[in-house]
$ cat query_27.txt   # compact mmCIF, C-alpha atoms and all ligand atoms
# COMPACT_ATOMS: atom_id res chain seq x y z
CA MET V 1 20.60 20.74 11.75
CA PHE V 2 21.22 17.23 10.38
CA GLU V 3 23.11 16.06 13.47
CA ASN V 4 20.06 15.37 15.63
CA THR V 5 20.02 11.56 15.56
CA LYS V 6 17.14 11.28 18.02
CA ILE V 7 14.88 12.91 15.42
CA ALA V 8 16.62 11.24 12.47
CA PHE V 9 15.94 7.73 13.71
CA SER V 10 12.75 8.36 15.70
CA ASN V 11 10.81 5.90 13.56
CA LYS V 12 13.34 3.08 14.02
CA LYS V 13 13.22 0.60 16.89
CA SER V 14 16.62 -0.28 18.37
CA SER V 15 16.51 -3.68 16.65
CA GLU V 16 15.92 -1.96 13.29
CA LEU V 17 18.77 0.42 13.98
CA LEU V 18 21.11 -2.52 14.59
CA LYS V 19 20.03 -4.02 11.27
CA SER V 20 20.76 -0.70 9.49
CA LYS V 21 24.15 -0.67 11.21
CA PHE V 22 24.87 -4.14 9.83
CA ILE V 23 23.87 -3.08 6.28
CA TYR V 24 25.94 0.12 6.33
CA LYS V 25 28.90 -1.63 7.94
CA ILE V 26 29.06 -3.93 4.94
CA LEU V 27 28.35 -1.16 2.43
CA SER V 28 30.98 1.17 3.87
CA SER V 29 33.66 -1.42 3.23
CA VAL V 30 34.23 -1.39 -0.54
CA THR V 31 35.73 -4.90 -0.48
CA MET V 32 32.98 -6.45 1.62
CA ALA V 33 30.22 -4.78 -0.41
CA ARG V 34 31.73 -5.89 -3.73
CA LEU V 35 32.10 -9.42 -2.39
CA GLY V 36 28.51 -9.35 -1.05
CA THR V 37 26.95 -8.16 -4.32
CA SER V 38 29.01 -10.66 -6.35
CA ILE V 39 27.88 -13.49 -4.05
CA ILE V 40 24.23 -12.39 -4.38
CA LYS V 41 24.47 -12.18 -8.19
CA PHE V 42 26.12 -15.61 -8.34
CA ALA V 43 23.65 -17.19 -5.89
CA ILE V 44 20.72 -15.92 -7.93
CA LYS V 45 22.30 -17.15 -11.16
CA ILE V 46 22.69 -20.67 -9.85
CA ARG V 47 19.27 -20.45 -8.16
CA LEU V 48 20.39 -20.79 -4.53
CA PRO V 49 17.54 -20.01 -2.09
CA VAL V 50 18.81 -16.54 -0.99
CA LYS V 51 15.43 -14.76 -1.16
CA GLY V 52 14.96 -14.92 2.63
CA ILE V 53 18.34 -13.36 3.38
CA ILE V 54 17.88 -10.59 0.83
CA LYS V 55 14.37 -9.89 2.11
CA THR V 56 15.45 -9.35 5.71
CA THR V 57 18.51 -7.29 4.80
CA LEU V 58 18.73 -5.21 1.60
CA PHE V 59 15.03 -5.41 0.69
CA ASP V 60 13.69 -4.37 4.10
CA HIS V 61 16.25 -1.56 4.24
CA PHE V 62 15.75 -0.06 0.76
CA CYS V 63 12.15 -1.07 -0.13
CA ALA V 64 8.81 -0.58 1.62
CA GLY V 65 7.14 -3.79 0.51
CA GLU V 66 6.26 -6.06 -2.37
CA ASN V 67 2.98 -4.26 -3.16
CA HIS V 68 0.91 -1.18 -2.27
CA GLU V 69 -0.69 -2.71 0.81
CA GLU V 70 2.63 -3.82 2.29
CA SER V 71 4.10 -0.36 1.64
CA LEU V 72 1.26 1.40 3.42
CA THR V 73 2.65 0.78 6.91
CA THR V 74 5.85 2.60 5.94
CA VAL V 75 3.95 5.43 4.26
CA ASN V 76 1.78 5.97 7.36
CA LYS V 77 4.76 5.76 9.71
CA LEU V 78 6.57 8.40 7.66
CA GLY V 79 3.41 10.48 7.49
CA ASP V 80 3.16 10.47 11.30
CA ASN V 81 6.57 12.18 11.22
CA LYS V 82 5.37 14.72 8.60
CA VAL V 83 7.37 13.02 5.86
CA PHE V 84 5.62 12.62 2.48
CA SER V 85 6.06 9.52 0.31
CA VAL V 86 6.41 8.91 -3.40
CA LEU V 87 5.79 5.25 -4.20
CA ASP V 88 8.04 4.03 -6.98
CA TYR V 89 7.42 0.64 -8.61
CA SER V 90 11.12 -0.12 -9.02
CA VAL V 91 10.93 -2.93 -11.48
CA GLU V 92 12.92 -2.81 -14.72
CA ALA V 93 10.65 -2.67 -17.77
CA GLY V 94 11.14 -5.25 -20.46
CA SER V 95 11.24 -4.24 -24.10
CA LYS V 96 7.87 -5.62 -25.19
CA GLU V 97 4.62 -3.76 -25.79
CA GLU V 98 2.80 -5.98 -23.22
CA SER V 99 5.28 -4.99 -20.55
CA PHE V 100 4.77 -1.26 -21.29
CA GLU V 101 1.01 -1.76 -21.04
CA LYS V 102 1.49 -3.62 -17.75
CA PHE V 103 3.51 -0.69 -16.42
CA LEU V 104 0.86 1.78 -17.50
CA HIS V 105 -1.71 -0.24 -15.59
CA LYS V 106 0.60 -0.37 -12.53
CA LYS V 107 1.14 3.40 -12.61
CA ILE V 108 -2.59 4.05 -12.83
CA GLN V 109 -3.08 1.77 -9.81
CA THR V 110 -0.35 3.64 -7.89
CA ILE V 111 -2.07 6.95 -8.68
CA ASP V 112 -5.39 5.58 -7.41
CA PHE V 113 -3.64 4.28 -4.32
CA SER V 114 -1.81 7.59 -3.74
CA LYS V 115 -4.94 9.68 -4.00
CA SER V 116 -6.46 7.71 -1.13
CA ASN V 117 -3.73 8.89 1.26
CA LYS V 118 -2.81 12.51 2.07
CA HIS V 119 0.84 11.57 2.60
CA MET V 120 1.38 10.76 -1.10
CA PRO V 121 1.04 13.93 -3.22
CA PHE V 122 3.35 12.77 -6.06
CA VAL V 123 3.90 9.81 -8.37
CA VAL V 124 6.84 9.11 -10.65
CA PHE V 125 7.74 7.03 -13.69
CA LYS V 126 10.71 6.26 -15.89
CA PRO V 127 10.37 6.96 -19.64
CA SER V 128 11.75 3.48 -20.43
CA CYS V 129 8.75 1.93 -18.62
CA PHE V 130 6.53 3.14 -21.45
CA GLY V 131 8.61 2.51 -24.56
CA LYS V 132 11.70 0.93 -26.02
CA SER V 133 14.97 2.72 -25.27
CA SER V 134 15.89 2.20 -28.93
CA LEU V 135 12.98 4.45 -29.94
CA PHE V 136 14.07 7.22 -27.57
CA LEU V 137 17.62 6.85 -28.87
CA LYS V 138 16.66 7.05 -32.53
CA LEU V 139 14.47 10.09 -32.02
CA SER V 140 17.07 11.79 -29.83
CA ARG V 141 19.63 11.26 -32.59
CA GLY V 142 17.25 12.70 -35.18
CA ASP V 143 16.89 9.40 -37.10
CA ASN V 144 13.72 8.63 -39.04
CA LEU V 145 11.45 5.95 -37.62
CA LEU V 146 10.31 2.97 -39.69
CA GLY V 147 6.56 2.34 -40.23
CA ASN V 148 6.13 0.02 -37.25
CA GLU V 149 8.25 2.24 -35.02
CA LYS V 150 6.07 5.23 -35.86
CA LEU V 151 3.07 3.35 -34.49
CA GLU V 152 5.03 2.33 -31.39
CA TRP V 153 6.06 5.94 -30.78
CA GLU V 154 2.43 7.09 -31.03
CA LYS V 155 1.64 4.53 -28.31
CA VAL V 156 4.47 5.81 -26.10
CA LYS V 157 3.16 9.38 -26.32
CA LYS V 158 -0.35 8.13 -25.57
CA ARG V 159 0.90 6.31 -22.44
CA PHE V 160 2.64 9.49 -21.20
CA GLU V 161 -0.53 11.51 -21.81
CA MET V 162 -2.82 8.90 -20.21
CA VAL V 163 -0.84 8.55 -17.01
CA ILE V 164 -0.33 12.30 -16.68
CA THR V 165 -3.99 13.10 -17.28
CA HIS V 166 -5.04 10.43 -14.79
CA ALA V 167 -2.66 11.87 -12.18
CA ILE V 168 -3.88 15.42 -12.67
CA ASN V 169 -7.54 14.36 -12.55
CA SER V 170 -6.68 12.64 -9.27
CA LYS V 171 -4.95 15.83 -7.99
CA ILE V 172 -1.58 14.07 -7.87
CA LYS V 173 1.59 15.70 -9.21
CA ILE V 174 3.66 13.59 -11.56
CA MET V 175 7.41 13.39 -12.14
CA VAL V 176 9.30 11.80 -15.01
CA ASP V 177 12.76 10.43 -14.20
CA ALA V 178 15.82 11.15 -16.32
CA GLU V 179 17.84 8.21 -17.63
CA GLU V 180 20.84 8.02 -19.97
CA SER V 181 21.78 11.19 -21.87
CA TRP V 182 21.55 9.52 -25.27
CA THR V 183 17.79 9.03 -24.88
CA GLN V 184 17.05 12.38 -23.24
CA LYS V 185 16.71 14.85 -26.13
CA ILE V 186 13.32 13.54 -27.27
CA ILE V 187 12.18 13.27 -23.64
CA ASP V 188 13.10 16.93 -23.11
CA SER V 189 10.94 17.98 -26.01
CA LEU V 190 8.07 15.73 -24.89
CA MET V 191 8.29 17.07 -21.34
CA GLU V 192 8.36 20.67 -22.55
CA SER V 193 5.14 20.17 -24.50
CA LEU V 194 3.52 18.31 -21.58
CA MET V 195 4.49 21.03 -19.11
CA LYS V 196 3.22 23.69 -21.49
CA LYS V 197 -0.09 21.87 -21.81
CA HIS V 198 -0.65 20.94 -18.16
CA ASN V 199 1.28 23.51 -16.08
CA GLN V 200 -0.64 26.60 -17.11
CA LYS V 201 -1.78 27.74 -13.67
CA GLU V 202 -0.16 25.22 -11.39
CA VAL V 203 2.75 22.78 -11.66
CA TRP V 204 1.48 19.23 -12.16
CA VAL V 205 4.18 17.81 -14.43
CA PHE V 206 7.89 17.64 -13.58
CA THR V 207 10.90 16.95 -15.72
CA THR V 208 14.22 15.81 -14.22
CA LEU V 209 17.55 17.57 -14.70
CA GLN V 210 20.79 15.67 -13.99
CA MET V 211 23.38 18.24 -13.07
CA TYR V 212 26.36 15.94 -13.65
CA ARG V 213 25.71 16.75 -17.31
CA LYS V 214 27.80 19.65 -18.62
CA ASP V 215 24.96 20.99 -20.77
CA ARG V 216 22.13 21.07 -18.23
CA LEU V 217 22.69 24.54 -16.83
CA ASN V 218 22.34 26.03 -20.30
CA TYR V 219 19.32 23.84 -20.92
CA LEU V 220 17.76 25.13 -17.69
CA LYS V 221 18.35 28.74 -18.77
CA LYS V 222 16.66 28.06 -22.12
CA LEU V 223 13.76 26.26 -20.43
CA ILE V 224 13.14 29.18 -18.10
CA LYS V 225 13.18 31.63 -21.03
CA LYS V 226 10.80 29.41 -23.00
CA SER V 227 8.39 29.08 -20.08
CA LYS V 228 8.26 32.86 -19.70
CA ARG V 229 7.83 33.42 -23.43
CA GLU V 230 5.15 30.76 -23.81
CA ASN V 231 3.50 31.31 -20.47
CA PHE V 232 3.72 28.07 -18.52
CA LYS V 233 5.18 26.91 -15.21
CA ILE V 234 7.99 24.41 -14.76
CA GLY V 235 8.35 21.46 -12.40
CA ILE V 236 11.96 20.40 -11.87
CA LYS V 237 13.27 17.36 -10.05
CA LEU V 238 16.88 18.37 -9.59
CA VAL V 239 19.38 15.53 -9.16
CA ARG V 240 23.09 14.97 -9.77
CA GLY V 241 22.64 11.86 -11.94
CA ALA V 242 22.85 8.11 -11.49
CA TYR V 243 24.47 6.79 -14.68
CA LEU V 244 27.99 8.16 -14.31
CA GLU V 245 29.86 4.98 -15.19
CA ALA V 246 27.63 4.00 -18.10
CA GLU V 247 27.85 7.54 -19.54
CA ASN V 248 31.65 7.70 -19.37
CA LEU V 249 32.04 4.14 -20.62
CA ARG V 250 29.85 4.69 -23.68
CA ALA V 251 31.59 7.97 -24.53
CA LYS V 252 34.95 6.22 -24.40
CA LYS V 253 33.77 3.23 -26.40
CA LEU V 254 32.16 5.31 -29.15
CA ASN V 255 34.92 7.91 -29.04
CA TYR V 256 32.96 11.09 -28.25
CA SER V 257 33.54 13.61 -25.51
CA SER V 258 31.74 12.56 -22.32
CA PRO V 259 28.66 14.72 -21.55
CA ILE V 260 29.45 14.33 -17.83
CA CYS V 261 31.41 16.82 -15.70
CA SER V 262 35.02 15.75 -15.39
CA ASN V 263 34.95 15.61 -11.59
CA LYS V 264 32.60 15.64 -8.60
CA HIS V 265 33.49 19.22 -7.73
CA LYS V 266 32.24 20.44 -11.12
CA THR V 267 29.00 18.45 -10.70
CA ASP V 268 28.50 20.06 -7.28
CA ASP V 269 29.09 23.55 -8.72
CA ASN V 270 26.64 22.83 -11.52
CA TYR V 271 24.01 21.59 -9.03
CA ASN V 272 24.43 24.66 -6.87
CA ALA V 273 24.27 27.01 -9.88
CA ALA V 274 21.03 25.36 -11.00
CA VAL V 275 19.58 25.71 -7.50
CA SER V 276 20.45 29.38 -7.49
CA LEU V 277 18.83 29.99 -10.90
CA ILE V 278 15.68 28.10 -9.89
CA LEU V 279 15.38 29.95 -6.59
CA GLN V 280 15.62 33.30 -8.39
CA ASN V 281 12.60 32.18 -10.44
CA ILE V 282 10.79 30.30 -7.69
CA GLU V 283 7.40 31.89 -8.34
CA ASN V 284 7.39 30.15 -11.72
CA ILE V 285 9.15 26.89 -10.87
CA LEU V 286 8.43 24.07 -8.44
CA LEU V 287 11.74 22.70 -7.16
CA PHE V 288 11.94 19.09 -6.04
CA ALA V 289 15.53 18.73 -4.83
CA GLY V 290 16.39 15.01 -4.93
CA THR V 291 19.67 14.82 -3.08
CA HIS V 292 21.46 13.41 -0.04
CA ASN V 293 24.06 16.16 -0.19
CA GLU V 294 23.87 18.12 3.07
CA ARG V 295 25.69 21.11 1.61
CA SER V 296 23.27 21.43 -1.33
CA ILE V 297 20.31 21.30 1.03
CA SER V 298 21.88 23.80 3.43
CA ASN V 299 22.42 26.17 0.46
CA ILE V 300 18.71 26.09 -0.33
CA ILE V 301 17.78 26.64 3.31
CA HIS V 302 20.17 29.59 3.66
CA TRP V 303 18.69 31.18 0.56
CA MET V 304 15.17 30.68 1.95
CA MET V 305 16.15 32.30 5.26
CA LYS V 306 17.94 35.19 3.56
CA ASN V 307 14.97 35.88 1.32
CA LYS V 308 12.43 35.41 4.13
CA ILE V 309 10.78 32.51 2.31
CA SER V 310 8.58 30.40 4.56
CA LYS V 311 9.90 26.90 5.35
CA ASP V 312 6.79 25.31 3.85
CA HIS V 313 6.83 27.39 0.67
CA PRO V 314 4.64 25.38 -1.75
CA ASN V 315 7.33 25.47 -4.46
CA ILE V 316 10.24 24.01 -2.48
CA TRP V 317 10.49 20.29 -1.70
CA PHE V 318 13.36 18.07 -0.56
CA ALA V 319 13.59 14.33 -1.23
CA GLN V 320 15.82 11.41 -0.29
CA LEU V 321 15.64 7.73 -1.18
CA TYR V 322 14.11 5.32 1.33
CA GLY V 323 16.88 3.72 3.39
CA MET V 324 19.23 6.68 2.89
CA GLY V 325 19.66 10.11 4.43
CA ASP V 326 17.13 9.72 7.29
CA HIS V 327 19.07 12.34 9.24
CA ILE V 328 18.24 14.80 6.45
CA THR V 329 14.61 13.86 5.79
CA PHE V 330 13.44 13.63 9.40
CA ASN V 331 15.26 16.73 10.59
CA LEU V 332 13.87 18.73 7.64
CA ALA V 333 10.34 17.48 8.39
CA LYS V 334 10.71 18.31 12.09
CA GLU V 335 11.70 21.87 11.09
CA LYS V 336 8.52 22.05 8.94
CA PHE V 337 10.20 21.97 5.51
CA HIS V 338 8.54 19.81 2.84
CA ALA V 339 10.41 16.51 3.19
CA VAL V 340 9.77 13.49 1.01
CA LYS V 341 10.94 9.90 0.74
CA TYR V 342 11.13 8.16 -2.63
CA ILE V 343 9.88 4.69 -1.73
CA PRO V 344 10.71 1.77 -3.99
CA PHE V 345 8.39 -1.21 -3.89
CA GLY V 346 7.74 -4.32 -5.98
CA PRO V 347 8.08 -8.11 -5.95
CA LEU V 348 11.44 -9.02 -4.41
CA LYS V 349 12.66 -10.98 -7.42
CA GLU V 350 11.90 -8.09 -9.74
CA VAL V 351 13.40 -5.29 -7.62
CA LEU V 352 16.72 -7.16 -7.30
CA PRO V 353 18.44 -5.08 -10.00
CA TYR V 354 17.40 -1.94 -8.06
CA LEU V 355 18.74 -3.39 -4.79
CA ILE V 356 22.05 -4.36 -6.35
CA ARG V 357 22.38 -0.85 -7.85
CA ARG V 358 21.74 0.67 -4.40
CA ALA V 359 24.31 -1.63 -2.82
CA GLU V 360 26.90 -0.79 -5.46
CA GLU V 361 26.22 2.97 -5.32
CA ASN V 362 26.39 3.02 -1.52
CA SER V 363 29.64 1.12 -1.47
CA SER V 364 31.49 3.34 -3.95
CA VAL V 365 34.52 5.10 -2.52
CA ASP V 366 32.89 8.55 -2.39
CA SER V 367 29.47 7.36 -1.16
CA ASN V 368 27.81 8.62 2.01
CA SER V 369 27.85 5.21 3.74
CA LYS V 370 30.49 6.16 6.27
CA ARG V 371 28.43 9.19 7.25
CA GLU V 372 25.30 7.01 7.58
CA LEU V 373 27.22 4.54 9.76
CA GLU V 374 28.65 7.31 11.93
CA LEU V 375 25.15 8.69 12.63
CA ILE V 376 23.66 5.25 13.33
CA ASN V 377 26.47 4.55 15.83
CA LYS V 378 25.89 7.94 17.44
CA GLU V 379 22.20 7.14 17.94
CA ILE V 380 22.88 3.63 19.29
CA LYS V 381 25.27 5.18 21.82
CA ARG V 382 22.74 7.90 22.73
CA ARG V 383 20.03 5.31 23.37
CA SER V 384 22.30 3.13 25.45
CA ILE V 385 23.37 6.10 27.65
CA GLN V 386 19.72 7.15 28.03
CA SER V 387 18.61 3.68 29.12
CA ARG V 388 21.24 3.43 31.87
C1 LIG V 401 14.44 11.68 -4.82
C2 LIG V 401 15.49 11.28 -5.81
C3 LIG V 401 15.17 11.10 -7.14
C4 LIG V 401 16.15 10.74 -8.08
N1 LIG V 401 15.83 10.63 -9.41
C5 LIG V 401 16.81 10.41 -10.33
C6 LIG V 401 16.56 10.42 -11.72
O1 LIG V 401 15.41 10.60 -12.17
N2 LIG V 401 17.59 10.22 -12.57
C7 LIG V 401 18.89 10.02 -12.13
O2 LIG V 401 19.79 9.88 -12.95
N3 LIG V 401 19.15 9.98 -10.80
C8 LIG V 401 18.16 10.17 -9.90
N4 LIG V 401 18.46 10.15 -8.56
C9 LIG V 401 19.83 9.75 -8.11
C10 LIG V 401 20.76 10.94 -8.11
O3 LIG V 401 20.99 11.35 -9.44
C11 LIG V 401 22.13 10.63 -7.49
O4 LIG V 401 22.71 9.53 -8.13
C12 LIG V 401 22.11 10.32 -6.02
O5 LIG V 401 21.10 11.03 -5.36
C13 LIG V 401 23.46 10.72 -5.40
O6 LIG V 401 23.68 12.11 -5.50
P1 LIG V 401 23.49 13.10 -4.26
O7 LIG V 401 23.25 14.48 -4.74
O8 LIG V 401 22.44 12.53 -3.41
O9 LIG V 401 24.82 12.94 -3.41
P2 LIG V 401 26.37 13.20 -3.59
O10 LIG V 401 26.99 12.09 -2.84
O11 LIG V 401 26.74 14.58 -3.21
O12 LIG V 401 26.71 13.03 -5.12
C14 LIG V 401 27.00 11.83 -5.74
C15 LIG V 401 26.77 12.09 -7.22
O13 LIG V 401 27.76 13.03 -7.70
C16 LIG V 401 28.07 12.72 -9.05
N5 LIG V 401 29.50 12.36 -9.14
C17 LIG V 401 30.17 11.50 -8.31
N6 LIG V 401 31.45 11.36 -8.72
C18 LIG V 401 31.59 12.14 -9.80
C19 LIG V 401 32.68 12.41 -10.70
N7 LIG V 401 33.88 11.82 -10.52
N8 LIG V 401 32.47 13.27 -11.72
C20 LIG V 401 31.29 13.86 -11.92
N9 LIG V 401 30.22 13.66 -11.11
C21 LIG V 401 30.35 12.80 -10.08
C22 LIG V 401 27.18 11.55 -9.46
O14 LIG V 401 26.03 12.09 -10.04
C23 LIG V 401 26.89 10.89 -8.12
O15 LIG V 401 25.70 10.14 -8.17
C24 LIG V 401 17.49 10.52 -7.63
C25 LIG V 401 17.82 10.71 -6.28
C26 LIG V 401 16.84 11.09 -5.37
C27 LIG V 401 17.23 11.30 -3.95

$ encode --input "query_27.txt" --output "structure tokens" --more "lines below"
Ligand SMILES: Cc1cc2nc3c(=O)[nH]c(=O)nc-3n(C[C@H](O)[C@H](O)[C@H](O)COP(=O)(O)OP(=O)(O)OC[C@H]3O[C@@H](n4cnc5c(N)ncnc54)[C@H](O)[C@@H]3O)c2cc1C
Amino acid sequence: MFENTKIAFSNKKSSELLKSKFIYKILSSVTMARLGTSIIKFAIKIRLPVKGIIKTTLFDHFCAGENHEESLTTVNKLGDNKVFSVLDYSVEAGSKEESFEKFLHKKIQTIDFSKSNKHMPFVVFKPSCFGKSSLFLKLSRGDNLLGNEKLEWEKVKKRFEMVITHAINSKIKIMVDAEESWTQKIIDSLMESLMKKHNQKEVWVFTTLQMYRKDRLNYLKKLIKKSKRENFKIGIKLVRGAYLEAENLRAKKLNYSSPICSNKHKTDDNYNAAVSLILQNIENILLFAGTHNERSISNIIHWMMKNKISKDHPNIWFAQLYGMGDHITFNLAKEKFHAVKYIPFGPLKEVLPYLIRRAEENSSVDSNSKRELELINKEIKRRSIQSR
């Protein structure tokens, strides 16, 4: 199903396809990608004028624009192909109260922008955009907050509530990303209370589960039991997890057992087990499967077929990041499944950390870059044969 490159790249002109080929050619070579990202980091540090090069390469490939208006062309183009969009302001938050307030304002604007377009039924935010990571860490550890911190925490909760209420009033569903495990415990409890409050009849609020964590399957079981006992619905963005290195490094440094599965195979098993549990409870859970893993997606589809679940079941959604996995997103959309792109946007200078992360992730040894390159080459060849 994911092999049809004509559908996969239907929204890309041949010139754009050649540019994607160039990007993935570099990313699929670990040495070249490492060299490239080091050069970019160095050039930025010594203030060389590299903005233009980054804009026409990494930025155009992984981001939709610098603001809402610029991103709209991409959103509409995707929408024409029945692909939904989630706009994600991919700028790292600072650690000051003004920056959290600025983010709140940005998120409210994105909600207002999303409600004006039928192709954008979701919004998303990172917990660290609304409060200091040190607060989440302290509370997750069970430490007491100092006087000033108590006030700051009240503000964090207020920001969560404000943005969620604004989204729901605008009929937009809202997802909260998962970050490092050491800040997650307090977010879990916050998300549980927010889901209980807002997901009474319909799922509006989503938490995120990272299945590279050893404990998440048990957590999911407990969450399902709780939702049944206390009568609310659950929204789950299901991902593998993006902070593998940082998690393992911290565990080693502070001498505790890493919370992350010891190998990729175990993470995959965990992801698939979570999918299976969610699907058995699908009337009560809205699944938003954020993955580029073809096998995980095929598993869900097989289950849907076996259980005679319609392709556009309102509780099953698939999502990939913009610039990655087009063969999955576009083929799913063509087959009438709910397919979504997570679309980063923001001022180029401020999304640089995101772009460098994408470049590093896509150039890791076990990344999907080679597969992306193989499919792009297949499509270039198909077009050239067709035009003869
Ligand atoms: C729509 C969307 C939303 C996302 N939101 C979040 C989010 O809120 N929080 C977040 O953390 N991430 C998020 N991610 C990123 C996600 O967690 C993964 O990092 C990324 O999608 C790659 O995983 P995969 O399932 O797509 O592909 P795959 O290539 O099948 O899996 C790669 C992943 O497997 C795991 N892995 C790799 N090697 C090992 C190993 N040696 N041992 C154990 N596990 C290993 C890692 O999690 C790695 O990222 C999101 C991704 C998408 C598509």

$ residues_near_ligand --input "query_27.txt" --ligand "ligand LIG 401 (chain V)" --cutoff "8 Å" --atoms "all atoms listed in the file" --output "JSON, numbers by chain"
{"V": [126, 176, 177, 178, 179, 180, 208, 209, 210, 211, 212, 237, 238, 239, 240, 241, 242, 243, 244, 260, 261, 262, 263, 264, 265, 266, 267, 268, 288, 289, 290, 291, 292, 293, 294, 296, 318, 319, 320, 321, 340, 341, 342, 361, 366, 367, 368]}

$ residues_around --input "query_27.txt" --residues "Lys378 in chain V" --least-positions-apart "6" --cutoff "12 Å" --atoms "only C-alpha atoms" --output "list of chain:residue names"
V:Glu3, V:Asn4, V:Thr5, V:Lys6, V:Ala8, V:Phe9, V:Leu17, V:Leu18, V:Lys21, V:His327, V:Arg371, V:Glu372, V:Ser384, V:Ile385

$ atom_distance --input "query_27.txt" --atom1 "CA of Ser193 in chain V" --atom2 "CA of Ile224 in chain V"
13.6 Å

$ closest_residue --input "query_27.txt" --among "V:Ala64, V:Ile186, V:Met175, V:Leu217" --to "Phe136 in chain V" --atoms "all atoms listed in the file"
V:Ile186

$ closest_residue --input "query_27.txt" --among "V:His166, V:Ala339, V:Gly142, V:Ser189" --to "Lys107 in chain V" --atoms "only C-alpha atoms"
V:His166
